[in-house]
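The structure appears below as structure tokens.
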Amino acid sequence: MHSKTGRITEWLTFDNMHHQWLLLAACFWVIFMFMVASKFITLTFKDPDVFSASWGATCLLLMKPVRLLPPCSLQPTGKMLSDSQLVQPLVYMERLELIRNICRDEALKSLSHTPVSKFVLDRIFVCDKHKILFCQTPKVGNTQWKKVLIVLNGAFPSIEEIPENVVHDHEKNGLPRLSSFSDAEIQKRLKTYFKFFIVRDPFERLISAFKDKFVHNPRFEPWYRHEIAPGIIRKYRRNRTETRGIQFEDFVRYLGDPNHRWLDLQFGDHIIHWVTYVELCAPCEITYSVIGHHETLEDDAPYILKEAGIDHLVSYPTIPPGITVYNKTKVELYFLGISKRDIRRLYARFEGDFKLFGYQKPDFLLN
């Protein structure tokens, strides 16, 4: 009996010690975990990036991989963009949204809307092979875009091989106009093709047109000086004793005249170099995919090529440094001495272009 009691006492003693060891081990485990947690919390507050990286690694180990679907709200033409490009398309979406808003403004309807006439369809060049429509807006770097389309249409293997005299020769450049198709084919292309055009500050464009056609005339187009210029001078020159050739002031007065159209009819398609973007491309009637700006062409040209799906086939020609920058000093110089009345009348005609494409009203000329 005594022996049995001793064994029980011995077993209870051993069991008690076993519990004590277990309790001691549990205490050590709790202390260890608290130390780890403290270190982790301290690390988190000192360096959030380390926390993010650690937590991200833990999640990768613990969670089953999930395939994330790419966002589609930032893709104007439905094409996937890299992370570095996700912000960029917002600029182009905002441009299109601005056009939609101005087109809905009843007060500007006469300045923003125009029928999709043959005159407009003649301005739009077609690349059926890649489903692209390009609306020509002269004096905004259009020659280079024509070269891009000529190569895409297969008329020449590269931009460098296109002779300059061929670019604007529509019998040889292989660029069909949208007006050459049937009504059904026109509608089909307008609805399904990638469509774009380029704009620049409206007044700076007029200066470029005046210099190119009436001053330098590099392509030797004598009708501008010998036929169009005399017609403008006869009607709009105030000093009849002035014998100089056409001046920018004469040009401004012609363009700002609400009754300019009777001269336009005499000049024919030559007026494309100075009529409004609205008259050329009908942006309120045709839903364009992208509107490029001459001032940001270094970014816009690659974006347009990518959105059109042709960036792997052709590149936009090299842009000379500084050529696309808006030159306010030049604008002020050309308008120097021209009456505020004439400048305001000019702005009244081109106000739709300024507003549709987000160009600032030139108050420094108007006030």
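Just remember, in the structure tokens the first chain shown is A, the second B, etc., residues are 1-based per chain, and ligands are 1-based in the order shown.
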- Task: Please report, as a PyMOL selection string, each residue of region 97-328 of chain A to which DSSP assigns strand (DSSP E or B) when run on this structure's backbone.
- Result: chain A and resi 124-127+132-135+177+194-199+290-293
Output file for the residues above (C-alpha atoms, as an mmCIF file, in the first residue's frame):
data_model
loop_
_atom_site.group_PDB
_atom_site.id
_atom_site.type_symbol
_atom_site.label_atom_id
_atom_site.label_comp_id
_atom_site.auth_asym_id
_atom_site.auth_seq_id
_atom_site.Cartn_x
_atom_site.Cartn_y
_atom_site.Cartn_z
ATOM 1 C CA ILE A 124 -9.941 62.972 -96.288
ATOM 2 C CA PHE A 125 -7.367 60.484 -97.579
ATOM 3 C CA VAL A 126 -7.960 56.749 -97.362
ATOM 4 C CA CYS A 127 -5.691 53.834 -96.465
ATOM 5 C CA ILE A 132 -7.221 54.645 -91.718
ATOM 6 C CA LEU A 133 -8.757 57.989 -92.674
ATOM 7 C CA PHE A 134 -6.636 61.141 -92.489
ATOM 8 C CA CYS A 135 -8.202 64.593 -92.852
ATOM 9 C CA ARG A 177 -9.830 60.559 -101.429
ATOM 10 C CA PHE A 194 -9.428 54.898 -87.508
ATOM 11 C CA LYS A 195 -9.809 58.637 -88.149
ATOM 12 C CA PHE A 196 -7.507 61.507 -87.211
ATOM 13 C CA PHE A 197 -6.265 64.975 -88.102
ATOM 14 C CA ILE A 198 -3.813 67.543 -86.736
ATOM 15 C CA VAL A 199 -4.419 71.129 -85.585
ATOM 16 C CA VAL A 290 -7.609 61.073 -82.233
ATOM 17 C CA ILE A 291 -6.937 64.787 -82.656
ATOM 18 C CA GLY A 292 -3.236 65.596 -82.734
ATOM 19 C CA HIS A 293 -1.765 68.986 -81.891
#
- Message: List the spatial neighbours of Ile228 (chain A) as a ChimeraX atom specification - criterion: any atom at most 12 Å away, only C-alpha atoms, same-chain residues fewer than 5 positions off excluded.
- Response: /A:210,213-214,221-223,233-235,245-246,250-251,254,263-271
Run DSSP on the backbone and grab whatever in region 59-294 of chain A lands in alpha helix (DSSP H); send it over as a CSV table (one decimal) with N, CA, C and O atoms, in the first residue's frame.
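Result saved to states-v5.csv:
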chain,number,residue,atom,x,y,z
A,59,CYS,N,1.9,37.4,-49.2
A,59,CYS,CA,0.6,37.2,-49.9
A,59,CYS,C,0.9,36.3,-51.1
A,59,CYS,O,0.1,35.4,-51.4
A,60,LEU,N,2.0,36.5,-51.8
A,60,LEU,CA,2.3,35.7,-53.0
A,60,LEU,C,2.5,34.2,-52.6
A,60,LEU,O,2.2,33.3,-53.3
A,61,LEU,N,3.0,34.0,-51.3
A,61,LEU,CA,3.2,32.6,-50.9
A,61,LEU,C,1.9,32.0,-50.5
A,61,LEU,O,1.7,30.8,-50.6
A,62,LEU,N,1.0,32.8,-49.9
A,62,LEU,CA,-0.2,32.3,-49.3
A,62,LEU,C,-1.4,32.2,-50.2
A,62,LEU,O,-2.3,31.4,-50.0
A,89,PRO,N,-3.1,58.6,-72.6
A,89,PRO,CA,-4.3,58.7,-73.4
A,89,PRO,C,-5.4,59.7,-72.8
A,89,PRO,O,-6.3,60.1,-73.5
A,90,LEU,N,-5.3,60.0,-71.5
A,90,LEU,CA,-6.2,60.9,-70.9
A,90,LEU,C,-6.2,62.3,-71.7
A,90,LEU,O,-7.3,62.9,-71.8
A,91,VAL,N,-5.1,62.7,-72.1
A,91,VAL,CA,-5.0,64.0,-72.9
A,91,VAL,C,-5.8,63.9,-74.1
A,91,VAL,O,-6.6,64.8,-74.4
A,92,TYR,N,-5.7,62.8,-74.8
A,92,TYR,CA,-6.5,62.6,-76.1
A,92,TYR,C,-8.0,62.5,-75.9
A,92,TYR,O,-8.8,62.9,-76.6
A,93,MET,N,-8.3,61.8,-74.8
A,93,MET,CA,-9.7,61.6,-74.4
A,93,MET,C,-10.3,63.0,-74.0
A,93,MET,O,-11.5,63.3,-74.4
A,94,GLU,N,-9.6,63.8,-73.3
A,94,GLU,CA,-10.1,65.1,-73.0
A,94,GLU,C,-10.3,66.0,-74.2
A,94,GLU,O,-11.2,66.8,-74.3
A,95,ARG,N,-9.4,65.9,-75.2
A,95,ARG,CA,-9.6,66.6,-76.4
A,95,ARG,C,-10.9,66.3,-77.1
A,95,ARG,O,-11.6,67.1,-77.6
A,96,LEU,N,-11.2,65.0,-77.2
A,96,LEU,CA,-12.4,64.5,-77.8
A,96,LEU,C,-13.6,64.9,-77.0
A,96,LEU,O,-14.6,65.3,-77.6
A,97,GLU,N,-13.5,64.9,-75.7
A,97,GLU,CA,-14.6,65.3,-74.9
A,97,GLU,C,-14.9,66.8,-75.0
A,97,GLU,O,-16.1,67.2,-75.0
A,98,LEU,N,-13.8,67.6,-75.1
A,98,LEU,CA,-14.0,69.0,-75.4
A,98,LEU,C,-14.8,69.3,-76.7
A,98,LEU,O,-15.7,70.1,-76.7
A,99,ILE,N,-14.4,68.6,-77.7
A,99,ILE,CA,-15.1,68.7,-79.0
A,99,ILE,C,-16.6,68.4,-78.8
A,99,ILE,O,-17.4,69.1,-79.3
A,100,ARG,N,-16.9,67.3,-78.2
A,100,ARG,CA,-18.3,66.9,-78.0
A,100,ARG,C,-19.0,68.0,-77.2
A,100,ARG,O,-20.2,68.3,-77.6
A,101,ASN,N,-18.4,68.6,-76.2
A,101,ASN,CA,-19.1,69.6,-75.5
A,101,ASN,C,-19.4,70.9,-76.3
A,101,ASN,O,-20.4,71.5,-76.2
A,102,ILE,N,-18.3,71.3,-77.0
A,102,ILE,CA,-18.5,72.5,-77.9
A,102,ILE,C,-19.5,72.2,-79.0
A,102,ILE,O,-20.3,73.1,-79.3
A,103,CYS,N,-19.5,71.0,-79.5
A,103,CYS,CA,-20.5,70.7,-80.6
A,103,CYS,C,-21.9,70.8,-80.1
A,103,CYS,O,-22.9,71.0,-80.9
A,109,LYS,N,-23.1,76.9,-82.6
A,109,LYS,CA,-23.4,76.0,-83.7
A,109,LYS,C,-23.0,76.5,-85.1
A,109,LYS,O,-22.5,75.7,-85.9
A,110,SER,N,-23.1,77.7,-85.4
A,110,SER,CA,-22.7,78.2,-86.7
A,110,SER,C,-21.2,78.2,-86.9
A,110,SER,O,-20.8,78.3,-88.0
A,111,LEU,N,-20.5,78.1,-85.8
A,111,LEU,CA,-19.0,78.1,-85.9
A,111,LEU,C,-18.4,76.7,-85.8
A,111,LEU,O,-17.2,76.5,-86.1
A,112,SER,N,-19.2,75.8,-85.4
A,112,SER,CA,-18.7,74.4,-85.1
A,112,SER,C,-19.2,73.3,-86.0
A,112,SER,O,-18.7,72.2,-86.1
A,118,LYS,N,-18.8,67.4,-100.4
A,118,LYS,CA,-17.7,66.9,-101.2
A,118,LYS,C,-16.4,67.6,-100.9
A,118,LYS,O,-15.3,67.0,-100.9
A,119,PHE,N,-16.5,68.9,-100.5
A,119,PHE,CA,-15.4,69.7,-100.1
A,119,PHE,C,-14.7,69.0,-98.9
A,119,PHE,O,-13.4,68.9,-98.9
A,120,VAL,N,-15.4,68.5,-97.9
A,120,VAL,CA,-14.9,67.8,-96.8
A,120,VAL,C,-14.3,66.5,-97.2
A,120,VAL,O,-13.2,66.1,-96.8
A,121,LEU,N,-15.1,65.7,-97.9
A,121,LEU,CA,-14.7,64.4,-98.3
A,121,LEU,C,-13.4,64.4,-99.2
A,121,LEU,O,-12.6,63.5,-99.2
A,142,ASN,N,1.2,68.5,-92.7
A,142,ASN,CA,0.4,67.4,-93.4
A,142,ASN,C,1.2,66.7,-94.4
A,142,ASN,O,0.9,65.5,-94.7
A,143,THR,N,2.3,67.3,-95.0
A,143,THR,CA,3.1,66.7,-96.0
A,143,THR,C,3.7,65.4,-95.4
A,143,THR,O,3.7,64.3,-96.1
A,144,GLN,N,4.1,65.4,-94.2
A,144,GLN,CA,4.8,64.2,-93.5
A,144,GLN,C,3.7,63.1,-93.3
A,144,GLN,O,4.0,61.9,-93.5
A,145,TRP,N,2.5,63.5,-92.9
A,145,TRP,CA,1.5,62.5,-92.7
A,145,TRP,C,1.1,61.8,-94.1
A,145,TRP,O,0.8,60.6,-94.2
A,146,LYS,N,1.1,62.6,-95.1
A,146,LYS,CA,0.8,62.1,-96.5
A,146,LYS,C,1.9,61.0,-96.8
A,146,LYS,O,1.6,60.0,-97.4
A,147,LYS,N,3.1,61.3,-96.5
A,147,LYS,CA,4.2,60.4,-96.8
A,147,LYS,C,4.0,59.1,-96.0
A,147,LYS,O,4.2,58.0,-96.6
A,148,VAL,N,3.6,59.2,-94.8
A,148,VAL,CA,3.3,58.0,-94.0
A,148,VAL,C,2.2,57.1,-94.7
A,148,VAL,O,2.4,55.9,-94.8
A,149,LEU,N,1.2,57.8,-95.1
A,149,LEU,CA,0.1,57.0,-95.8
A,149,LEU,C,0.5,56.5,-97.2
A,149,LEU,O,0.1,55.4,-97.6
A,150,ILE,N,1.3,57.2,-97.9
A,150,ILE,CA,1.8,56.7,-99.2
A,150,ILE,C,2.6,55.4,-99.0
A,150,ILE,O,2.4,54.5,-99.8
A,151,VAL,N,3.4,55.4,-98.0
A,151,VAL,CA,4.2,54.2,-97.7
A,151,VAL,C,3.3,53.0,-97.3
A,151,VAL,O,3.4,51.9,-97.7
A,152,LEU,N,2.3,53.3,-96.4
A,152,LEU,CA,1.3,52.3,-96.0
A,152,LEU,C,0.5,51.7,-97.1
A,152,LEU,O,0.2,50.5,-97.1
A,164,GLU,N,9.6,64.6,-103.6
A,164,GLU,CA,8.8,65.7,-103.1
A,164,GLU,C,7.6,66.1,-104.1
A,164,GLU,O,6.6,66.5,-103.6
A,165,ASN,N,7.9,66.0,-105.4
A,165,ASN,CA,6.9,66.4,-106.3
A,165,ASN,C,5.8,65.4,-106.5
A,165,ASN,O,4.7,65.7,-107.1
A,166,VAL,N,5.9,64.3,-105.9
A,166,VAL,CA,4.9,63.2,-105.9
A,166,VAL,C,3.9,63.3,-104.8
A,166,VAL,O,2.7,63.0,-104.9
A,167,VAL,N,4.4,63.9,-103.6
A,167,VAL,CA,3.6,63.9,-102.4
A,167,VAL,C,2.2,64.5,-102.6
A,167,VAL,O,1.2,64.0,-102.2
A,183,ASP,N,-21.6,56.4,-101.8
A,183,ASP,CA,-22.1,56.8,-100.5
A,183,ASP,C,-22.1,55.7,-99.4
A,183,ASP,O,-21.7,56.0,-98.3
A,184,ALA,N,-22.4,54.5,-99.8
A,184,ALA,CA,-22.4,53.4,-98.9
A,184,ALA,C,-21.0,53.1,-98.4
A,184,ALA,O,-20.8,52.8,-97.2
A,185,GLU,N,-20.0,53.1,-99.3
A,185,GLU,CA,-18.6,52.9,-99.0
A,185,GLU,C,-18.1,54.0,-98.1
A,185,GLU,O,-17.3,53.7,-97.2
A,186,ILE,N,-18.5,55.2,-98.4
A,186,ILE,CA,-18.1,56.3,-97.5
A,186,ILE,C,-18.6,56.1,-96.1
A,186,ILE,O,-17.8,56.3,-95.2
A,187,GLN,N,-19.9,55.8,-95.9
A,187,GLN,CA,-20.4,55.6,-94.6
A,187,GLN,C,-19.8,54.5,-93.9
A,187,GLN,O,-19.5,54.6,-92.7
A,188,LYS,N,-19.5,53.4,-94.6
A,188,LYS,CA,-18.8,52.3,-94.0
A,188,LYS,C,-17.5,52.6,-93.4
A,188,LYS,O,-17.1,52.3,-92.3
A,189,ARG,N,-16.7,53.4,-94.2
A,189,ARG,CA,-15.4,53.8,-93.7
A,189,ARG,C,-15.4,54.8,-92.6
A,189,ARG,O,-14.6,54.7,-91.7
A,190,LEU,N,-16.4,55.7,-92.7
A,190,LEU,CA,-16.5,56.7,-91.6
A,190,LEU,C,-16.9,56.0,-90.3
A,190,LEU,O,-16.5,56.5,-89.2
A,191,LYS,N,-17.6,55.0,-90.3
A,191,LYS,CA,-18.1,54.3,-89.1
A,191,LYS,C,-17.0,53.3,-88.5
A,191,LYS,O,-17.0,53.1,-87.3
A,192,THR,N,-16.2,52.8,-89.4
A,192,THR,CA,-15.3,51.7,-88.9
A,192,THR,C,-13.8,52.0,-88.9
A,192,THR,O,-13.1,51.3,-88.3
A,202,PRO,N,-4.8,78.5,-84.4
A,202,PRO,CA,-5.3,79.0,-85.7
A,202,PRO,C,-4.7,80.2,-86.3
A,202,PRO,O,-4.5,80.3,-87.5
A,203,PHE,N,-4.3,81.2,-85.4
A,203,PHE,CA,-3.6,82.4,-86.0
A,203,PHE,C,-2.2,82.1,-86.5
A,203,PHE,O,-1.8,82.6,-87.5
A,204,GLU,N,-1.5,81.2,-85.8
A,204,GLU,CA,-0.2,80.9,-86.2
A,204,GLU,C,-0.2,80.1,-87.5
A,204,GLU,O,0.6,80.2,-88.4
A,205,ARG,N,-1.3,79.3,-87.7
A,205,ARG,CA,-1.5,78.6,-89.0
A,205,ARG,C,-1.7,79.6,-90.1
A,205,ARG,O,-1.2,79.4,-91.2
A,206,LEU,N,-2.5,80.6,-89.9
A,206,LEU,CA,-2.7,81.6,-90.9
A,206,LEU,C,-1.4,82.3,-91.3
A,206,LEU,O,-1.2,82.6,-92.5
A,207,ILE,N,-0.6,82.6,-90.4
A,207,ILE,CA,0.7,83.2,-90.6
A,207,ILE,C,1.6,82.3,-91.5
A,207,ILE,O,2.2,82.7,-92.5
A,208,SER,N,1.6,81.0,-91.2
A,208,SER,CA,2.3,80.0,-92.0
A,208,SER,C,1.8,79.9,-93.4
A,208,SER,O,2.5,79.9,-94.4
A,209,ALA,N,0.4,80.0,-93.5
A,209,ALA,CA,-0.2,79.9,-94.9
A,209,ALA,C,0.2,81.2,-95.7
A,209,ALA,O,0.6,81.0,-96.9
A,210,PHE,N,0.2,82.3,-95.1
A,210,PHE,CA,0.5,83.6,-95.8
A,210,PHE,C,2.0,83.5,-96.2
A,210,PHE,O,2.3,83.9,-97.4
A,223,TRP,N,0.0,80.9,-109.1
A,223,TRP,CA,-1.4,81.5,-109.1
A,223,TRP,C,-1.7,82.2,-107.8
A,223,TRP,O,-2.6,83.0,-107.7
A,229,ALA,N,-3.7,86.9,-104.9
A,229,ALA,CA,-3.2,88.1,-104.2
A,229,ALA,C,-3.8,89.3,-104.8
A,229,ALA,O,-4.3,90.2,-104.1
A,230,PRO,N,-3.8,89.5,-106.2
A,230,PRO,CA,-4.4,90.7,-106.8
A,230,PRO,C,-5.9,90.8,-106.4
A,230,PRO,O,-6.4,91.9,-106.2
A,231,GLY,N,-6.6,89.7,-106.4
A,231,GLY,CA,-8.0,89.7,-106.1
A,231,GLY,C,-8.3,90.2,-104.6
A,231,GLY,O,-9.2,91.0,-104.4
A,232,ILE,N,-7.4,89.8,-103.7
A,232,ILE,CA,-7.5,90.3,-102.3
A,232,ILE,C,-7.2,91.8,-102.2
A,232,ILE,O,-7.9,92.5,-101.5
A,233,ILE,N,-6.1,92.2,-102.9
A,233,ILE,CA,-5.7,93.6,-102.8
A,233,ILE,C,-6.8,94.5,-103.4
A,233,ILE,O,-7.1,95.5,-102.8
A,234,ARG,N,-7.4,94.1,-104.5
A,234,ARG,CA,-8.4,95.0,-105.1
A,234,ARG,C,-9.5,95.3,-104.2
A,234,ARG,O,-10.1,96.4,-104.2
A,235,LYS,N,-9.9,94.3,-103.4
A,235,LYS,CA,-11.1,94.4,-102.6
A,235,LYS,C,-10.8,94.9,-101.2
A,235,LYS,O,-11.6,95.7,-100.6
A,236,TYR,N,-9.6,94.6,-100.6
A,236,TYR,CA,-9.4,94.8,-99.2
A,236,TYR,C,-8.3,95.8,-98.9
A,236,TYR,O,-8.1,96.2,-97.7
A,248,PHE,N,0.1,91.1,-95.0
A,248,PHE,CA,-0.6,90.3,-94.1
A,248,PHE,C,-1.9,91.0,-93.6
A,248,PHE,O,-3.0,90.4,-93.4
A,249,GLU,N,-1.9,92.3,-93.6
A,249,GLU,CA,-3.1,93.1,-93.2
A,249,GLU,C,-4.2,92.9,-94.2
A,249,GLU,O,-5.4,92.8,-93.9
A,250,ASP,N,-3.8,92.9,-95.5
A,250,ASP,CA,-4.8,92.6,-96.6
A,250,ASP,C,-5.5,91.2,-96.4
A,250,ASP,O,-6.7,91.0,-96.5
A,251,PHE,N,-4.6,90.3,-96.1
A,251,PHE,CA,-5.0,88.9,-95.9
A,251,PHE,C,-6.0,88.8,-94.7
A,251,PHE,O,-7.0,88.1,-94.8
A,252,VAL,N,-5.7,89.4,-93.6
A,252,VAL,CA,-6.5,89.4,-92.4
A,252,VAL,C,-7.9,90.0,-92.7
A,252,VAL,O,-8.9,89.5,-92.3
A,253,ARG,N,-7.9,91.1,-93.4
A,253,ARG,CA,-9.1,91.8,-93.7
A,253,ARG,C,-10.0,90.9,-94.6
A,253,ARG,O,-11.2,90.9,-94.4
A,254,TYR,N,-9.4,90.2,-95.5
A,254,TYR,CA,-10.2,89.3,-96.4
A,254,TYR,C,-10.8,88.1,-95.6
A,254,TYR,O,-12.0,87.8,-95.7
A,255,LEU,N,-10.0,87.5,-94.7
A,255,LEU,CA,-10.4,86.4,-94.0
A,255,LEU,C,-11.5,86.8,-92.9
A,255,LEU,O,-12.4,86.0,-92.6
A,256,GLY,N,-11.4,88.0,-92.4
A,256,GLY,CA,-12.4,88.4,-91.4
A,256,GLY,C,-13.7,89.0,-91.9
A,256,GLY,O,-14.6,89.2,-91.2
A,261,ARG,N,-17.0,84.8,-98.9
A,261,ARG,CA,-17.3,83.6,-99.6
A,261,ARG,C,-17.3,83.8,-101.2
A,261,ARG,O,-17.0,82.9,-101.9
A,262,TRP,N,-17.7,85.0,-101.6
A,262,TRP,CA,-17.7,85.3,-103.0
A,262,TRP,C,-16.3,85.2,-103.6
A,262,TRP,O,-16.2,84.7,-104.8
A,263,LEU,N,-15.3,85.6,-102.8
A,263,LEU,CA,-13.9,85.5,-103.3
A,263,LEU,C,-13.5,84.0,-103.2
A,263,LEU,O,-12.8,83.5,-104.1
A,264,ASP,N,-13.9,83.3,-102.1
A,264,ASP,CA,-13.6,81.9,-102.0
A,264,ASP,C,-14.0,81.1,-103.2
A,264,ASP,O,-13.2,80.2,-103.7
A,265,LEU,N,-15.2,81.4,-103.7
A,265,LEU,CA,-15.6,80.7,-104.9
A,265,LEU,C,-14.7,80.9,-106.1
A,265,LEU,O,-14.5,80.0,-106.9
A,266,GLN,N,-14.2,82.1,-106.2
A,266,GLN,CA,-13.3,82.4,-107.3
A,266,GLN,C,-12.0,81.7,-107.1
A,266,GLN,O,-11.4,81.2,-108.1
A,267,PHE,N,-11.5,81.5,-105.9
A,267,PHE,CA,-10.2,80.9,-105.6
A,267,PHE,C,-10.3,79.4,-105.7
A,267,PHE,O,-9.2,78.7,-105.8
A,277,TYR,N,-10.6,74.7,-89.5
A,277,TYR,CA,-10.6,73.3,-89.4
A,277,TYR,C,-12.0,72.7,-89.5
A,277,TYR,O,-12.2,71.6,-90.0
A,278,VAL,N,-13.0,73.5,-89.0
A,278,VAL,CA,-14.4,73.0,-89.1
A,278,VAL,C,-14.8,72.8,-90.5
A,278,VAL,O,-15.4,71.8,-90.9
A,279,GLU,N,-14.5,73.8,-91.4
A,279,GLU,CA,-14.8,73.7,-92.8
A,279,GLU,C,-14.1,72.5,-93.5
A,279,GLU,O,-14.6,71.9,-94.4
A,280,LEU,N,-12.9,72.2,-93.0
A,280,LEU,CA,-12.0,71.2,-93.7
A,280,LEU,C,-12.5,69.8,-93.3
A,280,LEU,O,-12.6,68.9,-94.1
A,281,CYS,N,-12.7,69.6,-92.0
A,281,CYS,CA,-12.8,68.2,-91.4
A,281,CYS,C,-14.1,67.9,-90.7
A,281,CYS,O,-14.3,66.7,-90.4
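Of the listed residues (A:Cys284, A:Ile319, A:Val331, A:Val215), A:Ile319 comes nearest to Asp299 (chain A); the distances count only C-alpha atoms.
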